[in-house]
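Visitor: My structure file final14.tsv, TSV, C-alpha atoms and all ligand atoms, is below:
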```tsv
chain	number	residue	atom	x	y	z
A	1	MET	CA	59.36	67.07	91.64
A	2	ARG	CA	58.43	70.72	91.92
A	3	ARG	CA	55.56	71.48	94.24
A	4	ILE	CA	53.16	74.08	92.86
A	5	PRO	CA	51.48	76.11	95.60
A	6	VAL	CA	47.72	76.07	95.74
A	7	THR	CA	45.83	78.87	94.02
A	8	HIS	CA	43.20	79.19	96.76
A	9	ASN	CA	40.27	79.63	94.45
A	10	SER	CA	37.38	81.40	95.83
A	11	GLY	CA	34.14	79.46	96.12
A	12	GLY	CA	32.22	82.68	95.78
A	13	LEU	CA	34.59	85.15	97.43
A	14	SER	CA	36.12	87.85	95.28
A	15	LEU	CA	39.59	86.38	95.47
A	16	PHE	CA	42.27	87.73	93.19
A	17	LYS	CA	40.35	90.99	92.98
A	18	ILE	CA	42.23	94.17	92.17
A	19	VAL	CA	41.58	96.22	95.30
A	20	LYS	CA	43.84	99.11	94.35
A	21	LYS	CA	45.37	100.28	91.09
A	22	VAL	CA	47.88	103.08	90.66
A	23	VAL	CA	49.35	104.24	87.35
A	24	LEU	CA	52.98	104.93	88.27
A	25	ARG	CA	54.17	105.88	84.80
A	26	HIS	CA	52.33	105.72	81.48
A	27	ASP	CA	52.94	101.97	80.98
A	28	ILE	CA	53.94	100.99	84.52
A	29	LYS	CA	51.08	99.98	86.82
A	30	GLN	CA	50.90	99.06	90.50
A	31	MET	CA	48.14	96.77	91.77
A	32	ASP	CA	47.16	95.35	95.14
A	33	ILE	CA	45.55	91.95	94.59
A	34	LEU	CA	43.38	90.23	97.17
A	35	ALA	CA	45.06	86.88	97.83
A	36	PRO	CA	45.07	86.26	101.61
A	37	LEU	CA	46.94	82.95	101.70
A	38	VAL	CA	49.67	84.22	99.38
A	39	ALA	CA	49.91	87.45	101.40
A	40	ARG	CA	50.39	85.43	104.57
A	41	LYS	CA	53.32	83.39	103.24
A	42	ILE	CA	55.20	85.36	100.59
A	43	LYS	CA	58.65	86.76	101.39
A	44	PRO	CA	60.99	89.29	99.71
A	45	GLY	CA	62.43	87.93	96.47
A	46	GLN	CA	59.64	85.42	95.87
A	47	PHE	CA	57.21	85.75	93.01
A	48	ILE	CA	53.64	84.99	92.01
A	49	MET	CA	52.20	83.85	88.73
A	50	PHE	CA	48.99	85.28	87.39
A	51	ARG	CA	46.65	84.45	84.55
A	52	VAL	CA	44.06	87.02	83.50
A	53	ASP	CA	41.60	84.53	81.97
A	54	GLU	CA	41.36	81.02	80.48
A	55	SER	CA	43.05	82.06	77.25
A	56	GLY	CA	45.80	84.00	79.01
A	57	GLU	CA	49.41	82.91	79.40
A	58	ARG	CA	50.98	82.52	82.82
A	59	ILE	CA	53.07	85.54	83.77
A	60	PRO	CA	55.48	85.59	86.73
A	61	LEU	CA	55.84	88.84	88.70
A	62	THR	CA	57.96	89.47	91.76
A	63	MET	CA	56.17	90.64	94.90
A	64	VAL	CA	56.78	94.28	95.78
A	65	ASP	CA	54.89	94.44	99.07
A	66	HIS	CA	52.30	92.47	100.97
A	67	ASP	CA	49.84	93.06	103.77
A	68	PRO	CA	48.97	89.84	105.63
A	69	GLU	CA	46.20	91.62	107.57
A	70	LYS	CA	44.42	93.01	104.53
A	71	GLY	CA	45.31	89.85	102.59
A	72	THR	CA	46.77	91.78	99.67
A	73	VAL	CA	49.88	91.35	97.54
A	74	ARG	CA	51.33	94.33	95.65
A	75	ILE	CA	52.75	93.86	92.17
A	76	ILE	CA	54.27	96.38	89.78
A	77	PHE	CA	54.58	95.61	86.10
A	78	GLN	CA	55.41	97.25	82.80
A	79	GLU	CA	53.11	96.59	79.88
A	80	VAL	CA	55.55	94.84	77.59
A	81	GLY	CA	53.33	92.17	76.05
A	82	LYS	CA	49.70	91.17	75.55
A	83	SER	CA	49.12	89.72	79.04
A	84	THR	CA	50.65	92.62	80.97
A	85	ARG	CA	48.76	95.05	78.71
A	86	GLN	CA	45.53	93.15	79.37
A	87	LEU	CA	46.21	93.24	83.13
A	88	GLY	CA	47.05	96.94	82.90
A	89	ASP	CA	43.70	97.59	81.22
A	90	MET	CA	41.85	96.05	84.19
A	91	ASN	CA	40.52	98.23	86.97
A	92	GLU	CA	39.77	98.18	90.68
A	93	GLY	CA	36.99	95.65	91.31
A	94	ASP	CA	38.03	93.37	88.42
A	95	SER	CA	39.55	89.97	89.21
A	96	VAL	CA	42.23	87.85	87.58
A	97	LEU	CA	41.59	84.12	87.15
A	98	ASP	CA	44.76	82.80	88.85
A	99	PHE	CA	47.21	84.25	91.29
A	100	ILE	CA	49.60	81.48	92.36
A	101	GLY	CA	52.31	81.75	94.94
A	102	PRO	CA	54.60	82.10	96.69
A	103	LEU	CA	57.02	80.77	94.07
A	104	GLY	CA	60.80	80.78	93.98
A	105	LYS	CA	63.23	80.44	96.84
A	106	TYR	CA	63.30	82.81	99.75
A	107	HIS	CA	66.89	83.81	100.36
A	108	LYS	CA	67.65	85.51	103.66
A	109	MET	CA	70.82	87.15	102.35
A	110	THR	CA	72.10	88.93	105.42
A	111	GLY	CA	71.23	86.25	107.92
A	112	GLY	CA	70.04	88.95	110.28
A	113	LYS	CA	73.52	90.27	111.01
A	114	HIS	CA	74.26	93.98	110.65
A	115	GLY	CA	76.09	94.54	107.39
A	116	ARG	CA	76.84	97.00	104.60
A	117	ILE	CA	75.12	96.36	101.32
A	118	ILE	CA	74.83	98.04	97.95
A	119	GLY	CA	71.53	97.60	96.11
A	120	VAL	CA	71.40	98.43	92.41
A	121	GLY	CA	68.07	98.70	90.60
A	122	GLY	CA	67.44	99.47	86.95
A	123	GLY	CA	64.07	100.39	85.39
A	124	ILE	CA	61.26	98.08	86.50
A	125	GLY	CA	63.89	96.13	88.50
A	126	ILE	CA	63.57	98.78	91.22
A	127	ALA	CA	60.22	97.17	92.12
A	128	PRO	CA	61.61	93.76	93.25
A	129	LEU	CA	64.62	95.53	94.82
A	130	LEU	CA	62.40	97.49	97.22
A	131	PRO	CA	61.24	94.58	99.46
A	132	LYS	CA	64.84	93.33	99.70
A	133	VAL	CA	66.09	96.77	100.75
A	134	ARG	CA	63.27	97.04	103.29
A	135	GLU	CA	64.26	93.67	104.72
A	136	PHE	CA	67.92	94.76	105.00
A	137	GLN	CA	66.80	97.94	106.73
A	138	ALA	CA	64.67	95.98	109.19
A	139	ASP	CA	67.72	93.81	109.96
A	140	GLY	CA	69.71	96.94	110.84
A	141	ASP	CA	71.95	96.83	107.77
A	142	GLU	CA	73.43	99.92	106.15
A	143	ILE	CA	72.13	99.99	102.61
A	144	ILE	CA	73.46	102.19	99.83
A	145	SER	CA	70.93	102.17	96.98
A	146	ILE	CA	71.65	103.16	93.40
A	147	ILE	CA	68.63	103.29	91.10
A	148	GLY	CA	68.40	104.32	87.48
A	149	ALA	CA	66.04	104.77	84.57
A	150	ARG	CA	66.29	106.07	81.03
A	151	SER	CA	64.72	109.39	82.08
A	152	LYS	CA	63.02	111.04	85.07
A	153	ASP	CA	59.52	110.19	83.85
A	154	LEU	CA	60.39	106.47	83.88
A	155	LEU	CA	61.83	106.40	87.39
A	156	ILE	CA	59.65	104.58	89.94
A	157	LEU	CA	59.51	104.22	93.74
A	158	GLU	CA	61.95	107.02	94.53
A	159	ASP	CA	60.25	107.96	97.84
A	160	GLU	CA	59.92	104.36	98.98
A	161	MET	CA	63.55	103.57	98.13
A	162	LYS	CA	64.70	106.72	99.91
A	163	ALA	CA	62.81	105.77	103.07
A	164	ALA	CA	64.26	102.24	103.05
A	165	SER	CA	67.89	103.14	102.28
A	166	SER	CA	70.69	104.72	104.29
A	167	GLU	CA	71.68	106.58	101.11
A	168	LEU	CA	69.90	106.83	97.77
A	169	ASN	CA	71.67	107.65	94.50
A	170	ILE	CA	69.65	108.33	91.35
A	171	CYS	CA	70.84	108.09	87.75
A	172	THR	CA	69.15	108.80	84.45
A	173	ASP	CA	70.59	107.98	81.05
A	174	ASP	CA	69.56	111.37	79.64
A	175	GLY	CA	70.50	113.43	82.72
A	176	SER	CA	66.92	114.61	83.28
A	177	TYR	CA	67.26	113.74	87.00
A	178	GLY	CA	70.14	112.88	89.31
A	179	HIS	CA	73.46	111.72	87.92
A	180	LYS	CA	73.62	111.72	84.11
A	181	GLY	CA	74.78	108.26	83.21
A	182	PHE	CA	74.51	104.64	84.27
A	183	VAL	CA	74.14	103.11	87.71
A	184	THR	CA	77.50	101.39	87.21
A	185	GLU	CA	79.29	104.77	87.26
A	186	ILE	CA	78.06	105.50	90.81
A	187	LEU	CA	78.69	101.88	91.78
A	188	LYS	CA	82.32	102.18	90.63
A	189	GLN	CA	82.75	105.37	92.68
A	190	LYS	CA	81.42	103.62	95.78
A	191	LEU	CA	83.66	100.58	95.32
A	192	ASP	CA	86.71	102.77	94.62
A	193	GLU	CA	86.04	104.53	97.95
A	194	SER	CA	85.61	101.28	99.89
A	195	THR	CA	85.20	97.57	99.36
A	196	ASN	CA	83.89	97.09	102.87
A	197	TYR	CA	80.56	95.72	101.71
A	198	ASP	CA	79.00	92.33	102.45
A	199	PHE	CA	77.63	92.10	98.92
A	200	VAL	CA	76.09	93.93	95.99
A	201	LEU	CA	72.55	92.99	94.90
A	202	ALA	CA	71.58	94.02	91.37
A	203	ILE	CA	68.10	93.73	89.86
A	204	GLY	CA	67.25	95.04	86.43
A	205	PRO	CA	67.61	94.22	82.74
A	206	PRO	CA	69.98	91.27	82.09
A	207	ILE	CA	72.56	93.53	80.41
A	208	MET	CA	72.64	95.82	83.46
A	209	MET	CA	73.12	92.85	85.81
A	210	LYS	CA	75.92	91.51	83.60
A	211	VAL	CA	77.72	94.86	83.59
A	212	VAL	CA	77.32	95.17	87.38
A	213	ARG	CA	78.61	91.62	87.88
A	214	ASP	CA	81.64	92.28	85.63
A	215	LEU	CA	82.37	95.56	87.42
A	216	VAL	CA	82.10	94.15	90.95
A	217	LYS	CA	84.18	90.99	90.34
A	218	PRO	CA	87.69	92.55	90.51
A	219	TYR	CA	86.84	94.27	93.80
A	220	GLY	CA	86.29	90.89	95.45
A	221	VAL	CA	82.83	91.83	96.76
A	222	PRO	CA	80.17	89.09	96.38
A	223	CYS	CA	77.48	89.93	93.81
A	224	TYR	CA	73.91	88.67	93.70
A	225	VAL	CA	71.48	89.19	90.85
A	226	SER	CA	67.78	88.41	90.48
A	227	LEU	CA	66.81	86.69	87.25
A	228	ASN	CA	63.07	87.39	87.50
A	229	THR	CA	62.95	89.03	84.08
A	230	ILE	CA	63.94	85.85	82.21
A	231	MET	CA	61.18	83.64	83.62
A	232	VAL	CA	58.24	82.61	81.43
A	233	ASP	CA	55.99	79.92	82.93
A	234	GLY	CA	57.58	80.04	86.39
A	235	THR	CA	57.12	76.31	87.01
A	236	GLY	CA	60.38	74.71	85.90
A	237	MET	CA	58.73	73.20	82.81
A	238	CYS	CA	59.34	75.59	79.90
A	239	GLY	CA	63.12	75.81	80.29
A	240	SER	CA	63.19	79.50	79.41
A	241	CYS	CA	64.89	80.50	82.64
A	242	ARG	CA	67.63	77.88	82.26
A	243	VAL	CA	70.98	79.38	83.04
A	244	SER	CA	74.53	78.00	83.27
A	245	VAL	CA	76.12	78.79	86.61
A	246	GLY	CA	79.72	77.62	86.85
A	247	GLY	CA	78.97	74.96	84.22
A	248	LYS	CA	75.93	73.65	86.11
A	249	VAL	CA	72.38	74.05	84.82
A	250	LYS	CA	70.08	76.06	87.08
A	251	PHE	CA	66.55	77.35	86.67
A	252	ALA	CA	65.76	80.88	87.85
A	253	CYS	CA	62.21	79.94	88.83
A	254	ILE	CA	63.28	77.00	90.99
A	255	ASP	CA	66.83	77.75	92.13
A	256	GLY	CA	66.28	81.52	92.24
A	257	PRO	CA	65.25	84.05	91.15
A	258	GLU	CA	68.15	85.38	93.27
A	259	MET	CA	71.52	83.83	92.52
A	260	ARG	CA	75.19	84.55	92.98
A	261	GLY	CA	76.18	86.38	89.81
A	262	GLU	CA	79.88	85.58	89.55
A	263	GLU	CA	79.56	82.38	87.53
A	264	ILE	CA	76.41	83.05	85.51
A	265	ASP	CA	76.87	82.69	81.76
A	266	PHE	CA	75.02	85.89	80.82
A	267	ALA	CA	75.93	85.68	77.12
A	268	GLU	CA	74.18	82.31	76.75
A	269	MET	CA	71.24	83.48	78.85
A	270	MET	CA	70.70	86.69	76.88
A	271	SER	CA	70.94	84.89	73.53
A	272	ARG	CA	67.64	83.12	74.37
A	273	GLN	CA	65.80	86.28	75.39
A	274	THR	CA	64.44	87.11	71.95
A	275	ARG	CA	62.97	83.67	71.23
A	276	TYR	CA	59.31	84.61	71.64
A	277	VAL	CA	59.41	88.14	70.17
A	278	ALA	CA	57.42	87.22	67.02
A	279	GLU	CA	54.74	85.32	68.98
A	280	GLU	CA	54.45	88.15	71.52
A	281	LYS	CA	54.01	90.70	68.74
A	282	THR	CA	51.25	88.65	67.08
A	283	SER	CA	49.48	88.11	70.40
A	284	MET	CA	49.59	91.84	71.21
A	285	GLU	CA	48.26	92.78	67.75
A	286	ARG	CA	45.34	90.35	68.13
A	287	TYR	CA	44.50	91.73	71.60
A	288	LEU	CA	44.59	95.36	70.45
A	289	ALA	CA	42.46	94.56	67.39
A	290	LYS	CA	39.90	92.71	69.55
A	291	GLU	CA	39.72	95.58	72.03
A	292	GLY	CA	39.50	98.15	69.22
A	293	LYS	CA	42.69	99.91	70.35
A	301	LIG	S1	60.31	79.97	83.88
A	301	LIG	FE1	59.98	78.19	82.74
A	301	LIG	S2	61.40	76.79	83.52
A	301	LIG	FE2	61.64	78.53	84.77
```
Can the structure in the file be given as structure tokens, please?
Ligand code: FES
Guide:
Amino acid sequence: MRRIPVTHNSGGLSLFKIVKKVVLRHDIKQMDILAPLVARKIKPGQFIMFRVDESGERIPLTMVDHDPEKGTVRIIFQEVGKSTRQLGDMNEGDSVLDFIGPLGKYHKMTGGKHGRIIGVGGGIGIAPLLPKVREFQADGDEIISIIGARSKDLLILEDEMKAASSELNICTDDGSYGHKGFVTEILKQKLDESTNYDFVLAIGPPIMMKVVRDLVKPYGVPCYVSLNTIMVDGTGMCGSCRVSVGGKVKFACIDGPEMRGEEIDFAEMMSRQTRYVAEEKTSMERYLAKEGK
């Protein structure tokens, strides 16, 4: 039976208050949420689940940073549906109804030994990659980071990734910044030069993680991915994050979100990704109409 962490509701305190909001890119927002007990326990790779109000759906988001002393947890999200749009419309001083966590398994990938790692982040996936890279850096690992976005104006956390990495490579699809092309092109160059890496960790859209996994496999370097983008309710009950790994059924929200990528059936996983598109569209239209937007 899955144990759901306590939400620590407030009894009068302004828990789950947005203490800081930063607009990173036009539809990508960063928020520090006051949630002291979550901030004390959460670790890189784990996620939280928020609900804006009673009528809101539960949305899982991976932690980007946390400050146990201030009691805050940092999240970064792209407004892709009604709930993330609604959260993005909130401001400093507002509070969300629920902020549950930590959820998911904490995976200490390097085991504290000094290693060589490649981290690959695509789009909003750079946000959950950052705390992992920081943890590798704190362990004394050498970390080569490769991050990419469609264009320069969509690239996030460049300075933070640069500070946490031994080497940072940037790619944009349109060539507006860094290497013109995909993260996999730089990854291939690195692996052609050397396969002396402990593992590759890729976080981004499912198709990017699949392509990275397929590319890395022949080099014999272990590959991890983080399936945070496929989660829906985050509790093991909706089945949306079900994934076949080597013929065995796993759930990203319980067994992950980080998993070894080699045996993941990405084709099956991605075929379920469009299931709720119609419902999400209707929900967004209703929200925008209600808000007069
Ligand atoms: S997100 Fe629903 S079962 Fe994992």
Visitor: Using all atoms listed in the file for the distances, tell me which of A:Ala39, A:Ile124, A:Met63, A:Leu103 is nearest to ligand LIG 301 (chain A).
Guide: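 For ligand LIG 301 (chain A), the nearest of the given residues is A:Leu103.
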Visitor: List as CSV every residue of chain A that is in contact with ligand LIG 301 (chain A), defined as an atom at most 9 Å from one of its atoms (using all atoms listed in the file), together with the nearest atom pair and the distance in Å rounded to one decimal, sorted by chain and then rising number.
Guide:
```
residue,atom,partner,partner_atom,distance
A:Pro60,CA,A:LIG301,S1,7.9
A:Asn228,CA,A:LIG301,S1,8.7
A:Ile230,CA,A:LIG301,S1,7.1
A:Met231,CA,A:LIG301,S1,3.8
A:Val232,CA,A:LIG301,S1,4.2
A:Asp233,CA,A:LIG301,FE1,4.4
A:Gly234,CA,A:LIG301,S1,3.7
A:Thr235,CA,A:LIG301,FE1,5.5
A:Gly236,CA,A:LIG301,S2,3.3
A:Met237,CA,A:LIG301,S2,4.5
A:Cys238,CA,A:LIG301,FE1,3.9
A:Gly239,CA,A:LIG301,S2,3.8
A:Ser240,CA,A:LIG301,FE1,4.8
A:Cys241,CA,A:LIG301,FE2,4.4
A:Arg242,CA,A:LIG301,S2,6.4
A:Phe251,CA,A:LIG301,FE2,5.4
A:Ala252,CA,A:LIG301,FE2,5.7
A:Cys253,CA,A:LIG301,FE2,4.3
A:Ile254,CA,A:LIG301,FE2,6.6
```
Visitor: Go through A:Glu193, A:Phe50, A:Met90, A:Leu201 one by one, measure the shortest atom-to-atom distance of each to Phe136 in chain A using only C-alpha atoms, and give the residue with the smallest value.
Guide: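 So, comparing all the options, the nearest one is A:Leu201.
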Visitor: May I ask for the distance between CA of Ile118 in chain A and CA of Leu155 in chain A, given in Å to one decimal place?
Guide: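 Computed distance, CA of Ile118 in chain A to CA of Leu155 in chain A, equals 18.7 Å.
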Visitor: Tell me which of A:Pro205, A:Pro257, A:Pro44, A:Gly121 sits closest to Asp65 in chain A, counting only C-alpha atoms.
Guide: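 That would be A:Pro44, the residue with the smallest distance to Asp65 in chain A.
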Visitor: So how far away is CA of His107 in chain A from CA of Pro131 in chain A, in Å?
Guide: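 About the pair CA of Pro131 in chain A and CA of His107 in chain A: they are 12.2 Å apart.
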